Amino acid sequence: MSQQQQQQQQEEHFDVLTKTGHKAGFTKPRGAVHRDGDYHRAVHVWIYAESTQELLLQRRADCKDSWPGLWDISSAGHISAGDSSLITARRELHEELGVILPKDAFESIFIFLEESVTNGGTFINNEYCDVYLVTTLEPIPLEAFTLQESEVSAVKYISFEEYWSKLANKDPQYVSYDVDGQYGQLFNILVRRYKENFEARSLDLQKKLSRYAPVSLDAELMDVTDADKGALKYIIKAAMIMDDIFHLQTWYSNPSLRDWLNKNAEVSQLDNLKWRYYCINKSPWSCIDENEAFLTTADSAIKLLPEATLSVTGWKGIEYRSAFPTEKAPCANFYPPDMDKTEFELWKNSLTVDQRQEATGFFSIIKRHSELDLDSSKCSNAAVNSTLPYDLYAVPYSEEYKIFLLKAADLLHKAGDTTSTPSLKRLLHGKADAFLTNDYYESDMAWMELDSKLDITIGPYETYEDAIFGYKATFEAFIGVRDDEATAQLKLFGDHLQVLEKNLPLDDVYKSEDVIAAPIRVVRLLYNAGDVKGPQTVAFNLPNDERIVKDRGTSMVMLKNVSEAKFKLILRPIADVCITKEQQHYVDFDSFFTHTICHECCHGIGPHSITLPSGKKSTVRLELQELHSALEEAKADIVGLWALKYLIDKDVLPNTLIRSMYVSFLAGCFRSVRFGLEEAHGKGQALQFNWLFEKGAIVLHEDDTFSVDFDKVEGAVESLSRKILTIQAMGDKNAADELLQKYCDMTQPLKLALQKLEVVQVPVDIAPKFPIADQILQTNP
């Protein structure tokens, strides 16, 4: 060890934590932390060999100040002040055992709080330990390890069940862990993964798949020009690249998981079921099961690292499973997996105004300098760049996804050269340019002004996947054929936005004077890709860029054939089960589709750019952060109902719509809540249902069916609209959190409805197939 390293070790400081595990805001030397019993952080790394079901243990060096000479975790270490968890885990494994692994080898499995006193009371250990699991196919040969003598005296493999028994019996040769308490999770995870019932798992996946009704979505190309048909093949291929990007945005090991499942889909019935359900969710987490994992790292891709350790004759190197967490990370792959909000906010506040806009903007991801250092140097002294005060930095999408966006841009330029429609040509060339410049303003303006039989939406838009802040946009694509007759019929909604804004149930001081009429386009979908996982959207209102919303408003696209399929296969059967017989006839497609239109319109009104009580200029998205998506979906829904009643009162819409819109909305509540309360639409719908139920606007009857109280529903809708709009206008995150905490709950009435729907097996959503797109790709490879 060099003199500099010795000095660093002597001066090692830890971030002191509160008893609840949050940073207290100061650091202390290692010795003082253990002397005073301060809470701090550490990492535990376990290496598990699948073929032998063994865990690797290390024997602690005799010179250690705690548990000298005892058998312990594969690798462990404290997280130094300013360091991050995953970087520390990788570094400790390298320093102690000479094993160099990439970040996708490390699976975060749980956090363990260790509270102990040893050495006659002189060593107090209050540690929050981030526990990682590294899964290899075979045991690593013992001679492949390079042991750090000051830390480790020996290593060995032991059956995880034998080790479990030794800990349970408090064998004095092993560092003690309470396997009946928190640390029992490690062994329970291994048992569940490697001693599973394959038949039961197949049945479970079949049941999950049955909740999606397969449906073919067609669109008539008769009125599309030959030139535009020629452009279509390039556009579909560009859309397919949005899938590649979105898989990567979801989690960094997700693309390799996808490829592995696809490659092995025909090995067995279980493998085929895994692949089919993965294709619906586009990740290992089930969208309509609160993002519960239906796969584990044991199902994931196998990767070979020939040079991760010392070479051993006859051994090709480490084969490991590319890992992902069982619990879906709120950061997705937009931020480092071990970053917390406090670290981000401290870094953000140190930036210039322009840098801050990039950090919180739609089109960048956040990375660590220390990860870059570790990946490039691959040596044990890799550390955070000491000249940098913060470890985080932003990378624009145009750089991060360059390999994909270059291909997509080339395809869109070819499509733009082929089409004969001027506005489509402008959109395609503009979006291709935006992919490479990271400036989407002009291309989104071109999208709003699109006047084409082919309706194309492609690029980064929605922010639902960023569950930590709601800042980062995912890539998606929708390709459809415009329904000119239906589009003409809906012009009145866009034309009335300013009138609706002026009359919103909101204090006048918060209302905008310059809401712009929103164009509405009705299309029949022929292909989608990217962030279109799980439940399928029936409409969207874009762009989300507040600059464009302020300058030009928004534009709406209604996917009519998707709405028709959902109404026929899902909403109508829901009404037959959950709505009283006296009100079932009110549920009709026109009401369902009309409210969907108004929902999208109402994304374009209400608060967006706001002035906080302090006088600071901001946006609702930036202030409400991860709460914004759910509250915005609830706003669009409930204000959409208010808006329909307002337009009926003004004789813009027929009076016959009143009762049907409320009852169709009620049936829709049960449809959306089935998406799960981890999903923005489901969460927003639970808020609305529980509010209306509390106010008596929704009534539960003795036969376990529901109805609308037409005398109470109008007032309840208006009161919730005012509540949400005011929270948004004030940028009041605490009030938003309080509202969501109180009402976003799977209450007994909701549970009752969902249980009835499960018994009669009404599908939760649709799984679309696109025969026209498939035909185009087959004839134009």
# chains A, B, ... in the order shown; residues from 1 in each chain; ligands from 1
call {"tool": "closest_atom_pairs", "arguments": {"of": "segment 429-463 of chain A", "to": "segment 518-541 of chain A", "cutoff": "12 Å", "atoms": "only C-alpha atoms", "output": "CSV"}}
result
residue,atom,partner,partner_atom,distance
A:Trp447,CA,A:Pro519,CA,10.9
A:Met448,CA,A:Pro519,CA,7.6
A:Glu449,CA,A:Pro519,CA,8.5
A:Leu450,CA,A:Arg521,CA,9.6
A:Asp451,CA,A:Arg521,CA,9.4
A:Ser452,CA,A:Arg521,CA,10.1
A:Lys453,CA,A:Val523,CA,9.0
A:Leu454,CA,A:Val523,CA,8.7
A:Asp455,CA,A:Val523,CA,7.1
A:Ile456,CA,A:Leu525,CA,9.9
A:Thr457,CA,A:Asn528,CA,9.3
A:Ile458,CA,A:Ala529,CA,9.0
A:Gly459,CA,A:Gly530,CA,9.1
A:Pro460,CA,A:Asp531,CA,9.1
A:Tyr461,CA,A:Asp531,CA,9.2
A:Glu462,CA,A:Asp531,CA,8.1
A:Thr463,CA,A:Asp531,CA,9.9
call {"tool": "write_last_selection", "arguments": {"atoms": "N, CA and C atoms", "output": "PDB file, in the first residue's frame"}}
result
ATOM      1  N   TRP A 447     -44.641  18.403 -35.103  1.00  0.00           N
ATOM      2  CA  TRP A 447     -45.609  17.365 -34.756  1.00  0.00           C
ATOM      3  C   TRP A 447     -46.988  17.978 -34.505  1.00  0.00           C
ATOM      4  N   MET A 448     -47.024  19.109 -33.809  1.00  0.00           N
ATOM      5  CA  MET A 448     -48.306  19.752 -33.524  1.00  0.00           C
ATOM      6  C   MET A 448     -48.990  20.239 -34.798  1.00  0.00           C
ATOM      7  N   GLU A 449     -48.199  20.589 -35.797  1.00  0.00           N
ATOM      8  CA  GLU A 449     -48.747  21.144 -37.037  1.00  0.00           C
ATOM      9  C   GLU A 449     -48.888  20.083 -38.135  1.00  0.00           C
ATOM     10  N   LEU A 450     -48.732  18.823 -37.762  1.00  0.00           N
ATOM     11  CA  LEU A 450     -48.820  17.744 -38.737  1.00  0.00           C
ATOM     12  C   LEU A 450     -50.212  17.682 -39.372  1.00  0.00           C
ATOM     13  N   ASP A 451     -50.256  17.654 -40.670  1.00  0.00           N
ATOM     14  CA  ASP A 451     -51.515  17.517 -41.420  1.00  0.00           C
ATOM     15  C   ASP A 451     -51.297  16.440 -42.473  1.00  0.00           C
ATOM     16  N   SER A 452     -51.471  15.211 -42.056  1.00  0.00           N
ATOM     17  CA  SER A 452     -51.085  14.078 -42.897  1.00  0.00           C
ATOM     18  C   SER A 452     -52.009  12.906 -42.647  1.00  0.00           C
ATOM     19  N   LYS A 453     -52.246  12.125 -43.672  1.00  0.00           N
ATOM     20  CA  LYS A 453     -53.028  10.900 -43.499  1.00  0.00           C
ATOM     21  C   LYS A 453     -52.295   9.916 -42.593  1.00  0.00           C
ATOM     22  N   LEU A 454     -50.980   9.855 -42.731  1.00  0.00           N
ATOM     23  CA  LEU A 454     -50.165   9.081 -41.795  1.00  0.00           C
ATOM     24  C   LEU A 454     -49.886   9.944 -40.575  1.00  0.00           C
ATOM     25  N   ASP A 455     -50.237   9.443 -39.398  1.00  0.00           N
ATOM     26  CA  ASP A 455     -50.029  10.205 -38.171  1.00  0.00           C
ATOM     27  C   ASP A 455     -48.895   9.555 -37.386  1.00  0.00           C
ATOM     28  N   ILE A 456     -47.803  10.282 -37.210  1.00  0.00           N
ATOM     29  CA  ILE A 456     -46.585   9.713 -36.620  1.00  0.00           C
ATOM     30  C   ILE A 456     -46.218  10.464 -35.339  1.00  0.00           C
ATOM     31  N   THR A 457     -46.039   9.716 -34.269  1.00  0.00           N
ATOM     32  CA  THR A 457     -45.494  10.254 -33.019  1.00  0.00           C
ATOM     33  C   THR A 457     -44.284   9.403 -32.664  1.00  0.00           C
ATOM     34  N   ILE A 458     -43.118  10.022 -32.547  1.00  0.00           N
ATOM     35  CA  ILE A 458     -41.911   9.248 -32.244  1.00  0.00           C
ATOM     36  C   ILE A 458     -40.925  10.130 -31.487  1.00  0.00           C
ATOM     37  N   GLY A 459     -40.358   9.604 -30.416  1.00  0.00           N
ATOM     38  CA  GLY A 459     -39.379  10.352 -29.646  1.00  0.00           C
ATOM     39  C   GLY A 459     -39.565  10.182 -28.152  1.00  0.00           C
ATOM     40  N   PRO A 460     -38.838  10.959 -27.336  1.00  0.00           N
ATOM     41  CA  PRO A 460     -38.951  10.879 -25.871  1.00  0.00           C
ATOM     42  C   PRO A 460     -40.056  11.813 -25.369  1.00  0.00           C
ATOM     43  N   TYR A 461     -41.020  11.252 -24.649  1.00  0.00           N
ATOM     44  CA  TYR A 461     -42.163  12.064 -24.218  1.00  0.00           C
ATOM     45  C   TYR A 461     -42.559  11.851 -22.758  1.00  0.00           C
ATOM     46  N   GLU A 462     -43.105  10.682 -22.432  1.00  0.00           N
ATOM     47  CA  GLU A 462     -43.702  10.483 -21.110  1.00  0.00           C
ATOM     48  C   GLU A 462     -42.639  10.282 -20.030  1.00  0.00           C
ATOM     49  N   THR A 463     -42.991  10.666 -18.793  1.00  0.00           N
ATOM     50  CA  THR A 463     -42.026  10.627 -17.689  1.00  0.00           C
ATOM     51  C   THR A 463     -42.449   9.675 -16.569  1.00  0.00           C
TER      52      THR A 463
END
call {"tool": "select_by_dssp", "arguments": {"residues": "segment 108-180 of chain A", "states": "strand (DSSP E)", "output": "ChimeraX atom specification"}}
result
/A:108-118,123-136,152-159
call {"tool": "residues_around", "arguments": {"residues": "Pro306 of chain A", "least_positions_apart": "5", "cutoff": "7 Å", "atoms": "only C-alpha atoms", "output": "PyMOL selection string"}}
result
chain A and resi 316-318
call {"tool": "closest_residue", "arguments": {"among": "A:Ser423, A:Ser664, A:Asn333, A:Ser719", "to": "Trp691 of chain A", "atoms": "only C-alpha atoms"}}
result
A:Ser719
call {"tool": "closest_residue", "arguments": {"among": "A:Leu257, A:Leu700, A:Ile100, A:Met730", "to": "Ile610 of chain A", "atoms": "only C-alpha atoms"}}
result
A:Met730
call {"tool": "residues_around", "arguments": {"residues": "Glu633 of chain A", "least_positions_apart": "6", "cutoff": "12 Å", "atoms": "only C-alpha atoms", "output": "PDB file with C-alpha atoms, in the first residue's frame"}}
result
ATOM      1  CA  TYR A 464     -43.891   7.888 -15.796  1.00  0.00           C
ATOM      2  CA  PHE A 540     -52.211  10.995 -25.496  1.00  0.00           C
ATOM      3  CA  ASN A 541     -51.773  14.723 -25.154  1.00  0.00           C
ATOM      4  CA  THR A 596     -61.328  10.121 -23.098  1.00  0.00           C
ATOM      5  CA  HIS A 599     -59.422  13.848 -20.418  1.00  0.00           C
ATOM      6  CA  GLU A 600     -56.732  14.607 -22.996  1.00  0.00           C
ATOM      7  CA  CYS A 601     -58.053  18.162 -23.524  1.00  0.00           C
ATOM      8  CA  CYS A 602     -57.796  18.815 -19.819  1.00  0.00           C
ATOM      9  CA  HIS A 603     -54.089  17.976 -19.794  1.00  0.00           C
ATOM     10  CA  GLY A 604     -53.775  21.206 -21.758  1.00  0.00           C
ATOM     11  CA  LEU A 627     -46.141  12.864  -7.405  1.00  0.00           C
ATOM     12  CA  VAL A 639     -61.667  17.961 -14.622  1.00  0.00           C
ATOM     13  CA  GLY A 640     -62.640  16.139 -17.817  1.00  0.00           C
ATOM     14  CA  SER A 672     -58.015   1.620 -14.511  1.00  0.00           C
ATOM     15  CA  GLU A 679     -49.056   3.013 -12.021  1.00  0.00           C
ATOM     16  CA  ALA A 680     -49.990   6.698 -12.450  1.00  0.00           C
ATOM     17  CA  HIS A 681     -53.385   6.079 -14.062  1.00  0.00           C
ATOM     18  CA  GLY A 682     -54.368   3.454 -11.493  1.00  0.00           C
ATOM     19  CA  LYS A 683     -53.220   5.642  -8.635  1.00  0.00           C
ATOM     20  CA  GLY A 684     -55.110   8.645  -9.999  1.00  0.00           C
ATOM     21  CA  GLN A 685     -58.249   6.571 -10.496  1.00  0.00           C
ATOM     22  CA  ALA A 686     -58.167   5.259  -6.918  1.00  0.00           C
ATOM     23  CA  LEU A 687     -57.954   8.844  -5.686  1.00  0.00           C
ATOM     24  CA  GLN A 688     -61.065   9.808  -7.670  1.00  0.00           C
ATOM     25  CA  SER A 721     -61.285  19.335  -9.322  1.00  0.00           C
ATOM     26  CA  ILE A 724     -56.232  19.148  -7.311  1.00  0.00           C
ATOM     27  CA  LEU A 725     -56.024  22.305  -9.424  1.00  0.00           C
TER      28      LEU A 725
END
call {"tool": "atom_distance", "arguments": {"atom1": "atom CA of Lys23 of chain A", "atom2": "atom CA of Ala736 of chain A"}}
result
25.0 Å
call {"tool": "decode", "arguments": {"residues": "segment 23-89 of chain A", "atoms": "C-alpha atoms", "output": "short mmCIF file (atom, residue, chain, number, x, y, z; two decimals), in the first residue's frame"}}
result
data_model
loop_
_atom_site.label_atom_id
_atom_site.label_comp_id
_atom_site.auth_asym_id
_atom_site.auth_seq_id
_atom_site.Cartn_x
_atom_site.Cartn_y
_atom_site.Cartn_z
CA LYS A 23 -27.65 11.42 6.37
CA ALA A 24 -27.23 13.67 9.40
CA GLY A 25 -25.20 16.19 7.41
CA PHE A 26 -21.73 15.66 8.90
CA THR A 27 -18.90 13.12 8.89
CA LYS A 28 -16.67 11.57 11.56
CA PRO A 29 -13.50 9.42 11.56
CA ARG A 30 -14.01 5.67 11.54
CA GLY A 31 -12.69 5.15 15.08
CA ALA A 32 -14.93 7.84 16.52
CA VAL A 33 -17.99 6.40 14.75
CA HIS A 34 -17.46 2.95 16.31
CA ARG A 35 -16.49 4.45 19.66
CA ASP A 36 -19.63 6.62 19.84
CA GLY A 37 -22.02 4.16 18.23
CA ASP A 38 -22.95 6.45 15.35
CA TYR A 39 -25.13 5.01 12.61
CA HIS A 40 -23.33 4.68 9.27
CA ARG A 41 -23.45 2.69 6.03
CA ALA A 42 -21.67 -0.40 4.74
CA VAL A 43 -21.99 -2.96 1.98
CA HIS A 44 -22.22 -6.75 2.11
CA VAL A 45 -21.46 -8.72 -1.07
CA TRP A 46 -22.31 -12.40 -1.35
CA ILE A 47 -21.04 -14.63 -4.16
CA TYR A 48 -23.32 -17.57 -4.86
CA ALA A 49 -22.55 -20.52 -7.18
CA GLU A 50 -25.70 -21.90 -8.82
CA SER A 51 -24.41 -25.34 -9.79
CA THR A 52 -23.30 -26.29 -6.28
CA GLN A 53 -25.70 -24.00 -4.33
CA GLU A 54 -22.77 -22.70 -2.31
CA LEU A 55 -21.88 -19.32 -0.87
CA LEU A 56 -18.33 -18.00 -0.80
CA LEU A 57 -17.06 -17.07 2.65
CA GLN A 58 -13.91 -15.21 3.67
CA ARG A 59 -12.02 -15.65 6.93
CA ARG A 60 -11.33 -12.28 8.46
CA ALA A 61 -7.68 -11.44 9.07
CA ASP A 62 -6.41 -11.88 12.60
CA CYS A 63 -5.48 -8.19 12.77
CA LYS A 64 -9.07 -6.98 12.23
CA ASP A 65 -10.55 -4.81 14.99
CA SER A 66 -13.82 -6.75 14.88
CA TRP A 67 -14.41 -10.52 14.70
CA PRO A 68 -10.78 -11.43 13.88
CA GLY A 69 -10.22 -14.93 12.48
CA LEU A 70 -13.94 -15.70 11.95
CA TRP A 71 -15.67 -16.78 8.75
CA ASP A 72 -17.82 -14.02 7.26
CA ILE A 73 -19.43 -12.51 4.16
CA SER A 74 -17.74 -12.96 0.76
CA SER A 75 -16.76 -9.29 0.84
CA ALA A 76 -17.80 -6.29 2.90
CA GLY A 77 -16.72 -2.78 3.74
CA HIS A 78 -17.75 0.62 4.97
CA ILE A 79 -19.02 3.29 2.61
CA SER A 80 -16.65 6.23 3.00
CA ALA A 81 -18.00 9.77 3.26
CA GLY A 82 -19.12 10.95 -0.15
CA ASP A 83 -18.89 7.48 -1.71
CA SER A 84 -21.81 5.51 -3.10
CA SER A 85 -23.03 2.04 -2.27
CA LEU A 86 -22.60 0.20 -5.58
CA ILE A 87 -19.19 1.72 -6.29
CA THR A 88 -18.07 0.66 -2.80
CA ALA A 89 -19.38 -2.89 -3.32
#
